[in-house]
>>> print(open('final.tsv').read())   # TSV, C-alpha atoms
chain	number	residue	atom	x	y	z
A	1	MET	CA	5.15	-23.38	-5.11
A	2	ASP	CA	6.94	-22.51	-1.84
A	3	ILE	CA	8.83	-19.23	-2.09
A	4	ASP	CA	10.97	-17.62	0.58
A	5	GLN	CA	9.44	-14.14	0.48
A	6	THR	CA	12.37	-12.70	2.45
A	7	LYS	CA	14.63	-13.37	-0.55
A	8	ILE	CA	12.51	-11.23	-2.89
A	9	PRO	CA	14.20	-7.80	-3.30
A	10	GLN	CA	12.16	-4.98	-1.77
A	11	ALA	CA	12.17	-3.09	-5.09
A	12	THR	CA	10.54	-6.13	-6.72
A	13	ALA	CA	8.04	-6.51	-3.88
A	14	LYS	CA	6.94	-2.87	-4.29
A	15	ARG	CA	6.15	-3.50	-7.97
A	16	LEU	CA	3.96	-6.57	-7.35
A	17	PRO	CA	0.76	-4.57	-6.63
A	18	LEU	CA	1.36	-2.64	-9.86
A	19	TYR	CA	1.58	-5.87	-11.85
A	20	TYR	CA	-1.49	-7.23	-10.09
A	21	ARG	CA	-3.60	-4.14	-10.83
A	22	TYR	CA	-2.76	-4.21	-14.54
A	23	LEU	CA	-3.38	-7.96	-14.77
A	24	LYS	CA	-6.83	-7.46	-13.21
A	25	ASN	CA	-7.61	-4.93	-15.94
A	26	LEU	CA	-6.36	-7.31	-18.63
A	27	SER	CA	-8.43	-10.17	-17.26
A	28	ALA	CA	-11.54	-7.99	-17.09
A	29	SER	CA	-11.06	-7.05	-20.75
A	30	GLY	CA	-10.88	-10.72	-21.75
A	31	LYS	CA	-7.21	-10.79	-22.71
A	32	GLN	CA	-5.70	-14.25	-22.26
A	33	ARG	CA	-1.98	-13.68	-22.65
A	34	VAL	CA	0.48	-10.82	-22.44
A	35	SER	CA	4.16	-10.30	-23.25
A	36	SER	CA	6.73	-8.57	-21.07
A	37	ALA	CA	6.96	-5.88	-23.76
A	38	GLU	CA	3.21	-5.21	-23.47
A	39	LEU	CA	3.46	-5.08	-19.69
A	40	SER	CA	6.43	-2.74	-20.00
A	41	GLU	CA	4.55	-0.32	-22.24
A	42	ALA	CA	1.50	-0.29	-19.98
A	43	ILE	CA	3.13	0.17	-16.57
A	44	LYS	CA	6.31	2.00	-17.66
A	45	VAL	CA	8.74	-0.56	-16.24
A	46	ASP	CA	11.35	-1.88	-18.66
A	47	SER	CA	10.77	-5.44	-19.88
A	48	ALA	CA	14.10	-6.72	-18.55
A	49	THR	CA	13.12	-5.64	-15.05
A	50	ILE	CA	9.73	-7.32	-15.41
A	51	ARG	CA	11.32	-10.59	-16.55
A	52	ARG	CA	13.81	-10.42	-13.68
A	53	ASP	CA	11.03	-9.71	-11.16
A	54	PHE	CA	9.00	-12.64	-12.41
A	55	SER	CA	12.05	-14.94	-12.39
A	56	TYR	CA	12.18	-14.76	-8.59
A	57	PHE	CA	8.90	-16.71	-8.56
A	58	GLY	CA	9.97	-19.45	-10.97
A	59	ALA	CA	8.81	-20.15	-14.52
A	60	LEU	CA	5.73	-17.95	-14.86
A	61	GLY	CA	5.81	-17.72	-18.65
A	62	LYS	CA	7.05	-19.39	-21.84
A	63	LYS	CA	9.51	-17.98	-24.35
A	64	GLY	CA	7.71	-17.02	-27.53
A	65	TYR	CA	4.30	-17.25	-25.85
A	66	GLY	CA	4.47	-14.71	-23.05
A	67	TYR	CA	2.44	-14.98	-19.88
A	68	ASN	CA	-0.97	-16.49	-19.27
A	69	VAL	CA	-3.02	-13.64	-17.79
A	70	HIS	CA	-5.32	-15.82	-15.69
A	71	TYR	CA	-2.41	-17.81	-14.27
A	72	LEU	CA	-0.42	-14.68	-13.41
A	73	LEU	CA	-3.45	-13.04	-11.84
A	74	SER	CA	-4.14	-16.10	-9.71
A	75	PHE	CA	-0.48	-16.41	-8.73
A	76	PHE	CA	-0.05	-12.79	-7.69
A	77	SER	CA	-3.42	-12.81	-5.93
A	78	LYS	CA	-2.13	-15.56	-3.65
A	79	THR	CA	1.29	-13.94	-3.31
A	80	LEU	CA	-0.27	-10.62	-2.24
A	81	ASP	CA	-2.85	-12.33	0.02
A	82	GLN	CA	-5.73	-10.82	-1.93
A	83	ASP	CA	-8.10	-13.34	-0.36
A	84	GLU	CA	-7.48	-11.77	3.06
A	85	THR	CA	-9.00	-8.45	4.10
A	86	THR	CA	-6.62	-5.98	5.71
A	87	LYS	CA	-8.32	-3.74	8.24
A	88	VAL	CA	-6.89	-0.22	8.35
A	89	ALA	CA	-7.27	2.69	10.76
A	90	LEU	CA	-6.65	6.33	9.86
A	91	ILE	CA	-5.34	8.84	12.40
A	92	GLY	CA	-5.79	12.51	11.59
A	93	VAL	CA	-9.03	13.58	9.89
A	94	GLY	CA	-7.76	16.77	8.28
A	95	ASN	CA	-7.93	17.54	4.57
A	96	LEU	CA	-5.75	14.61	3.51
A	97	GLY	CA	-7.29	12.21	6.00
A	98	THR	CA	-10.80	13.16	4.92
A	99	ALA	CA	-9.88	12.52	1.29
A	100	PHE	CA	-8.67	9.04	2.24
A	101	LEU	CA	-11.92	8.30	4.06
A	102	HIS	CA	-14.01	9.23	1.02
A	103	TYR	CA	-11.76	7.21	-1.29
A	104	ASN	CA	-11.29	4.23	1.04
A	105	PHE	CA	-9.50	2.10	-1.57
A	106	ILE	CA	-12.70	1.41	-3.50
A	107	LYS	CA	-10.74	-0.38	-6.25
A	108	ASN	CA	-8.91	-2.60	-3.78
A	109	ASN	CA	-11.45	-4.95	-2.27
A	110	ASN	CA	-9.09	-6.49	0.27
A	111	THR	CA	-8.10	-3.21	1.98
A	112	LYS	CA	-10.56	-1.08	3.91
A	113	ILE	CA	-10.39	1.78	6.39
A	114	GLU	CA	-12.57	0.54	9.25
A	115	LEU	CA	-12.30	3.49	11.62
A	116	ALA	CA	-10.63	6.87	12.07
A	117	PHE	CA	-9.33	8.95	14.97
A	118	ASP	CA	-8.97	12.66	15.67
A	119	ALA	CA	-8.68	15.06	18.60
A	120	ASP	CA	-11.22	17.53	17.21
A	121	GLU	CA	-14.46	17.16	19.18
A	122	GLU	CA	-16.47	18.41	16.19
A	123	LYS	CA	-15.30	15.41	14.13
A	124	VAL	CA	-15.59	12.78	16.85
A	125	ASN	CA	-18.71	10.57	16.78
A	126	GLN	CA	-19.32	11.54	13.15
A	127	GLU	CA	-19.12	9.36	10.04
A	128	ILE	CA	-17.06	10.47	7.06
A	129	GLY	CA	-17.36	8.41	3.92
A	130	GLY	CA	-19.19	5.82	6.01
A	131	VAL	CA	-16.23	5.49	8.41
A	132	PRO	CA	-16.81	6.23	12.12
A	133	VAL	CA	-14.51	8.78	13.75
A	134	TYR	CA	-13.40	8.19	17.35
A	135	HIS	CA	-11.48	10.40	19.76
A	136	ILE	CA	-7.75	9.68	19.74
A	137	ASN	CA	-7.98	8.82	23.45
A	138	GLU	CA	-9.92	5.68	22.42
A	139	PHE	CA	-7.18	4.55	20.05
A	140	THR	CA	-5.71	1.64	22.00
A	141	LYS	CA	-9.11	0.22	22.99
A	142	GLN	CA	-10.65	0.43	19.52
A	143	ILE	CA	-7.58	-0.89	17.69
A	144	LYS	CA	-7.48	-4.01	19.83
A	145	GLU	CA	-11.23	-4.61	19.59
A	146	LYS	CA	-11.34	-4.20	15.79
A	147	ASP	CA	-8.19	-6.28	15.14
A	148	ILE	CA	-6.51	-3.51	13.12
A	149	SER	CA	-3.05	-4.26	11.72
A	150	VAL	CA	-2.26	-1.16	9.61
A	151	VAL	CA	-2.47	2.56	10.36
A	152	ILE	CA	-2.44	5.53	7.98
A	153	LEU	CA	-0.91	8.52	9.74
A	154	THR	CA	-2.03	11.98	8.55
A	155	VAL	CA	-1.50	14.08	11.66
A	156	PRO	CA	0.53	17.26	12.34
A	157	VAL	CA	4.24	16.46	12.43
A	158	HIS	CA	4.72	17.51	16.06
A	159	VAL	CA	2.39	14.77	17.37
A	160	ALA	CA	3.38	11.98	14.97
A	161	GLN	CA	5.97	10.32	17.21
A	162	SER	CA	3.83	10.44	20.35
A	163	ILE	CA	0.98	8.76	18.48
A	164	ALA	CA	3.33	6.15	17.02
A	165	ASP	CA	4.48	5.36	20.56
A	166	GLN	CA	0.92	4.32	21.42
A	167	MET	CA	1.01	1.56	18.79
A	168	ASN	CA	3.73	-0.56	20.39
A	169	ASP	CA	1.47	-3.11	22.10
A	170	THR	CA	-1.72	-2.84	20.05
A	171	GLY	CA	-1.09	-5.42	17.33
A	172	ILE	CA	-0.26	-2.77	14.72
A	173	ARG	CA	2.31	-4.16	12.27
A	174	GLY	CA	2.46	-1.42	9.65
A	175	ILE	CA	2.30	2.39	9.42
A	176	LEU	CA	1.81	4.37	6.21
A	177	ASN	CA	3.26	7.69	7.35
A	178	PHE	CA	2.25	10.82	5.45
A	179	THR	CA	3.94	13.18	7.92
A	180	PRO	CA	7.48	14.56	7.47
A	181	ALA	CA	8.49	12.92	10.79
A	182	ARG	CA	10.90	10.00	10.66
A	183	LEU	CA	9.31	7.70	13.21
A	184	THR	CA	11.10	5.52	15.72
A	185	VAL	CA	9.17	2.27	16.23
A	186	PRO	CA	9.87	-1.27	17.51
A	187	ASP	CA	11.30	-3.83	15.10
A	188	HIS	CA	7.94	-5.60	14.70
A	189	ILE	CA	6.36	-2.49	13.09
A	190	ARG	CA	7.21	-1.59	9.50
A	191	VAL	CA	6.93	2.05	8.43
A	192	HIS	CA	6.58	3.34	4.88
A	193	HIS	CA	7.19	7.08	4.63
A	194	ILE	CA	5.39	9.12	1.99
A	195	ASP	CA	6.44	12.77	2.17
A	196	LEU	CA	4.57	14.61	-0.58
A	197	ALA	CA	6.79	17.71	-0.30
A	198	VAL	CA	9.94	15.62	-0.77
A	199	GLU	CA	8.41	13.77	-3.72
A	200	LEU	CA	7.51	17.07	-5.37
A	201	GLN	CA	11.01	18.47	-4.81
A	202	ALA	CA	12.50	15.31	-6.30
A	203	LEU	CA	10.22	15.61	-9.34
A	204	VAL	CA	11.28	19.22	-9.93
A	205	TYR	CA	14.95	18.25	-9.59
A	206	PHE	CA	14.63	15.42	-12.10
A	207	MET	CA	12.73	17.69	-14.51
A	208	LYS	CA	15.64	20.14	-14.45
A	209	HIS	CA	18.58	17.77	-14.50
A	210	TYR	CA	17.27	14.62	-16.19
A	211	PRO	CA	15.10	15.86	-19.07
A	212	VAL	CA	12.99	13.27	-20.86
>>> encode(input="final.tsv", output="structure tokens")
Amino acid sequence: MDIDQTKIPQATAKRLPLYYRYLKNLSASGKQRVSSAELSEAIKVDSATIRRDFSYFGALGKKGYGYNVHYLLSFFSKTLDQDETTKVALIGVGNLGTAFLHYNFIKNNNTKIELAFDADEEKVNQEIGGVPVYHINEFTKQIKEKDISVVILTVPVHVAQSIADQMNDTGIRGILNFTPARLTVPDHIRVHHIDLAVELQALVYFMKHYPV
């Protein structure tokens, strides 16, 4: 089935990995079919939204039967390119960066942090979680040699933009930015911002003004 991925709403696209993870768990438990109501209860997304998300990809289920778990898993695996390994670099081996290196997406076999960078000489030429740490001055050389396409940025905010500027001609196509900085990058690089302080403030606001 040929699908124009650019026509899939971004909100839907962000939920696809969530669906895929739950379907993997269902498949591992031997479950053969699942309803939108069951999916809704498990991942806390309303069933109407799930049905609408799935409708963008054609007829994935049957009314009165639900969805075939194996078929959905196979479909979303191809949609999310799970057969391809995405090589990731991490920049900034502080507390958060070190936690990422030890975790290294162990439950996601197609994503792996291959190398890390820092300016601290005591961390350079070490391995953390089995990941080699290079000096930030080697960034451009190592990124090109290792064919890295995604960077996780966990550096101090005042150096975030200058480091992002080094990525322009390296083949980097995506940045997962954990700094408060709003980065300016060329059009060919996509940035996802994750500001933990903002997320926490939003949670507190919703707790106060939108009680469960």
>>> closest_residue(input="final.tsv", among="A:Gly129, A:Lys24, A:Ala119, A:Met167", to="Lys141 in chain A", atoms="all atoms listed in the file")
A:Met167
>>> closest_residue(input="final.tsv", among="A:Asn125, A:Asn168, A:Gln10, A:Thr154", to="Pro180 in chain A", atoms="only C-alpha atoms")
A:Thr154
>>> atom_distance(input="final.tsv", atom1="CA of Ser55 in chain A", atom2="CA of Gln82 in chain A")
21.0 Å
>>> residues_around(input="final.tsv", residues="His135 in chain A", least_positions_apart="2", cutoff="6 Å", atoms="all atoms listed in the file", output="MDAnalysis selection string")
chainID A and resid 117:119 124 137:138
>>> write_last_selection(input="final.tsv", atoms="C-alpha atoms", output="compact mmCIF listing (two decimals), in the coordinates of the input")
# COMPACT_ATOMS: atom_id res chain seq x y z
CA PHE A 117 -9.33 8.95 14.97
CA ASP A 118 -8.97 12.66 15.67
CA ALA A 119 -8.68 15.06 18.60
CA VAL A 124 -15.59 12.78 16.85
CA ASN A 137 -7.98 8.82 23.45
CA GLU A 138 -9.92 5.68 22.42
>>> residues_around(input="final.tsv", residues="Tyr134 in chain A", least_positions_apart="6", cutoff="12 Å", atoms="all atoms listed in the file", output="VMD selection string")
chain A and resid 89 to 93 114 to 128 140 to 143
>>> atom_distance(input="final.tsv", atom1="CA of Ile136 in chain A", atom2="CA of Thr98 in chain A")
15.5 Å
>>> closest_residue(input="final.tsv", among="A:Leu80, A:Tyr19, A:Gln161, A:Ala28", to="Ser40 in chain A", atoms="only C-alpha atoms")
A:Tyr19
>>> residues_around(input="final.tsv", residues="Pro186 in chain A", least_positions_apart="2", cutoff="12 Å", atoms="only C-alpha atoms", output="number ranges by chain")
A: 164-175, 183-184, 188-191
>>> write_last_selection(input="final.tsv", atoms="C-alpha atoms", output="short mmCIF file (atom, residue, chain, number, x, y, z; two decimals), keeping the file's coordinate frame")
data_model
loop_
_atom_site.label_atom_id
_atom_site.label_comp_id
_atom_site.auth_asym_id
_atom_site.auth_seq_id
_atom_site.Cartn_x
_atom_site.Cartn_y
_atom_site.Cartn_z
CA ALA A 164 3.33 6.15 17.02
CA ASP A 165 4.48 5.36 20.56
CA GLN A 166 0.92 4.32 21.42
CA MET A 167 1.01 1.56 18.79
CA ASN A 168 3.73 -0.56 20.39
CA ASP A 169 1.47 -3.11 22.10
CA THR A 170 -1.72 -2.84 20.05
CA GLY A 171 -1.09 -5.42 17.33
CA ILE A 172 -0.26 -2.77 14.72
CA ARG A 173 2.31 -4.16 12.27
CA GLY A 174 2.46 -1.42 9.65
CA ILE A 175 2.30 2.39 9.42
CA LEU A 183 9.31 7.70 13.21
CA THR A 184 11.10 5.52 15.72
CA HIS A 188 7.94 -5.60 14.70
CA ILE A 189 6.36 -2.49 13.09
CA ARG A 190 7.21 -1.59 9.50
CA VAL A 191 6.93 2.05 8.43
#
>>> residues_near_point(input="final.tsv", point="(-3.6, -13.0, -8.1)", cutoff="10 Å", atoms="all atoms listed in the file", output="PyMOL selection string")
chain A and resi 16-17+19-21+23-24+69-83
>>> atom_distance(input="final.tsv", atom1="CA of Arg51 in chain A", atom2="CA of Ala11 in chain A")
13.7 Å
>>> closest_residue(input="final.tsv", among="A:Pro9, A:Gly94, A:Gly66, A:Gly30", to="Asp53 in chain A", atoms="all atoms listed in the file")
A:Pro9
>>> closest_residue(input="final.tsv", among="A:Asn95, A:Phe139, A:Leu60, A:Tyr22", to="Ala42 in chain A", atoms="all atoms listed in the file")
A:Tyr22
>>> closest_residue(input="final.tsv", among="A:Gly58, A:Leu176, A:Val88, A:Leu96", to="Asn110 in chain A", atoms="all atoms listed in the file")
A:Val88
>>> decode(input="final.tsv", residues="range 119-142 of chain A", atoms="C-alpha atoms", output="PDB file, in the first residue's frame")
ATOM      1  CA  ALA A 119      34.415  18.953  26.223  1.00  0.00           C
ATOM      2  CA  ASP A 120      35.483  17.506  29.579  1.00  0.00           C
ATOM      3  CA  GLU A 121      38.917  15.912  29.164  1.00  0.00           C
ATOM      4  CA  GLU A 122      38.194  13.514  32.040  1.00  0.00           C
ATOM      5  CA  LYS A 123      35.295  11.994  30.070  1.00  0.00           C
ATOM      6  CA  VAL A 124      36.970  11.935  26.662  1.00  0.00           C
ATOM      7  CA  ASN A 125      38.420   8.585  25.529  1.00  0.00           C
ATOM      8  CA  GLN A 126      36.282   6.771  28.104  1.00  0.00           C
ATOM      9  CA  GLU A 127      33.372   4.394  27.521  1.00  0.00           C
ATOM     10  CA  ILE A 128      30.072   4.952  29.306  1.00  0.00           C
ATOM     11  CA  GLY A 129      27.479   2.228  28.964  1.00  0.00           C
ATOM     12  CA  GLY A 130      29.657   0.738  26.239  1.00  0.00           C
ATOM     13  CA  VAL A 131      29.533   3.973  24.200  1.00  0.00           C
ATOM     14  CA  PRO A 132      32.833   5.713  23.348  1.00  0.00           C
ATOM     15  CA  VAL A 133      33.143   9.379  24.299  1.00  0.00           C
ATOM     16  CA  TYR A 134      35.025  11.722  21.945  1.00  0.00           C
ATOM     17  CA  HIS A 135      36.085  15.340  22.344  1.00  0.00           C
ATOM     18  CA  ILE A 136      33.582  17.764  20.844  1.00  0.00           C
ATOM     19  CA  ASN A 137      36.328  19.037  18.522  1.00  0.00           C
ATOM     20  CA  GLU A 138      36.129  15.668  16.720  1.00  0.00           C
ATOM     21  CA  PHE A 139      32.392  16.011  16.128  1.00  0.00           C
ATOM     22  CA  THR A 140      32.330  16.742  12.397  1.00  0.00           C
ATOM     23  CA  LYS A 141      34.920  14.069  11.542  1.00  0.00           C
ATOM     24  CA  GLN A 142      33.327  11.303  13.611  1.00  0.00           C
TER      25      GLN A 142
END
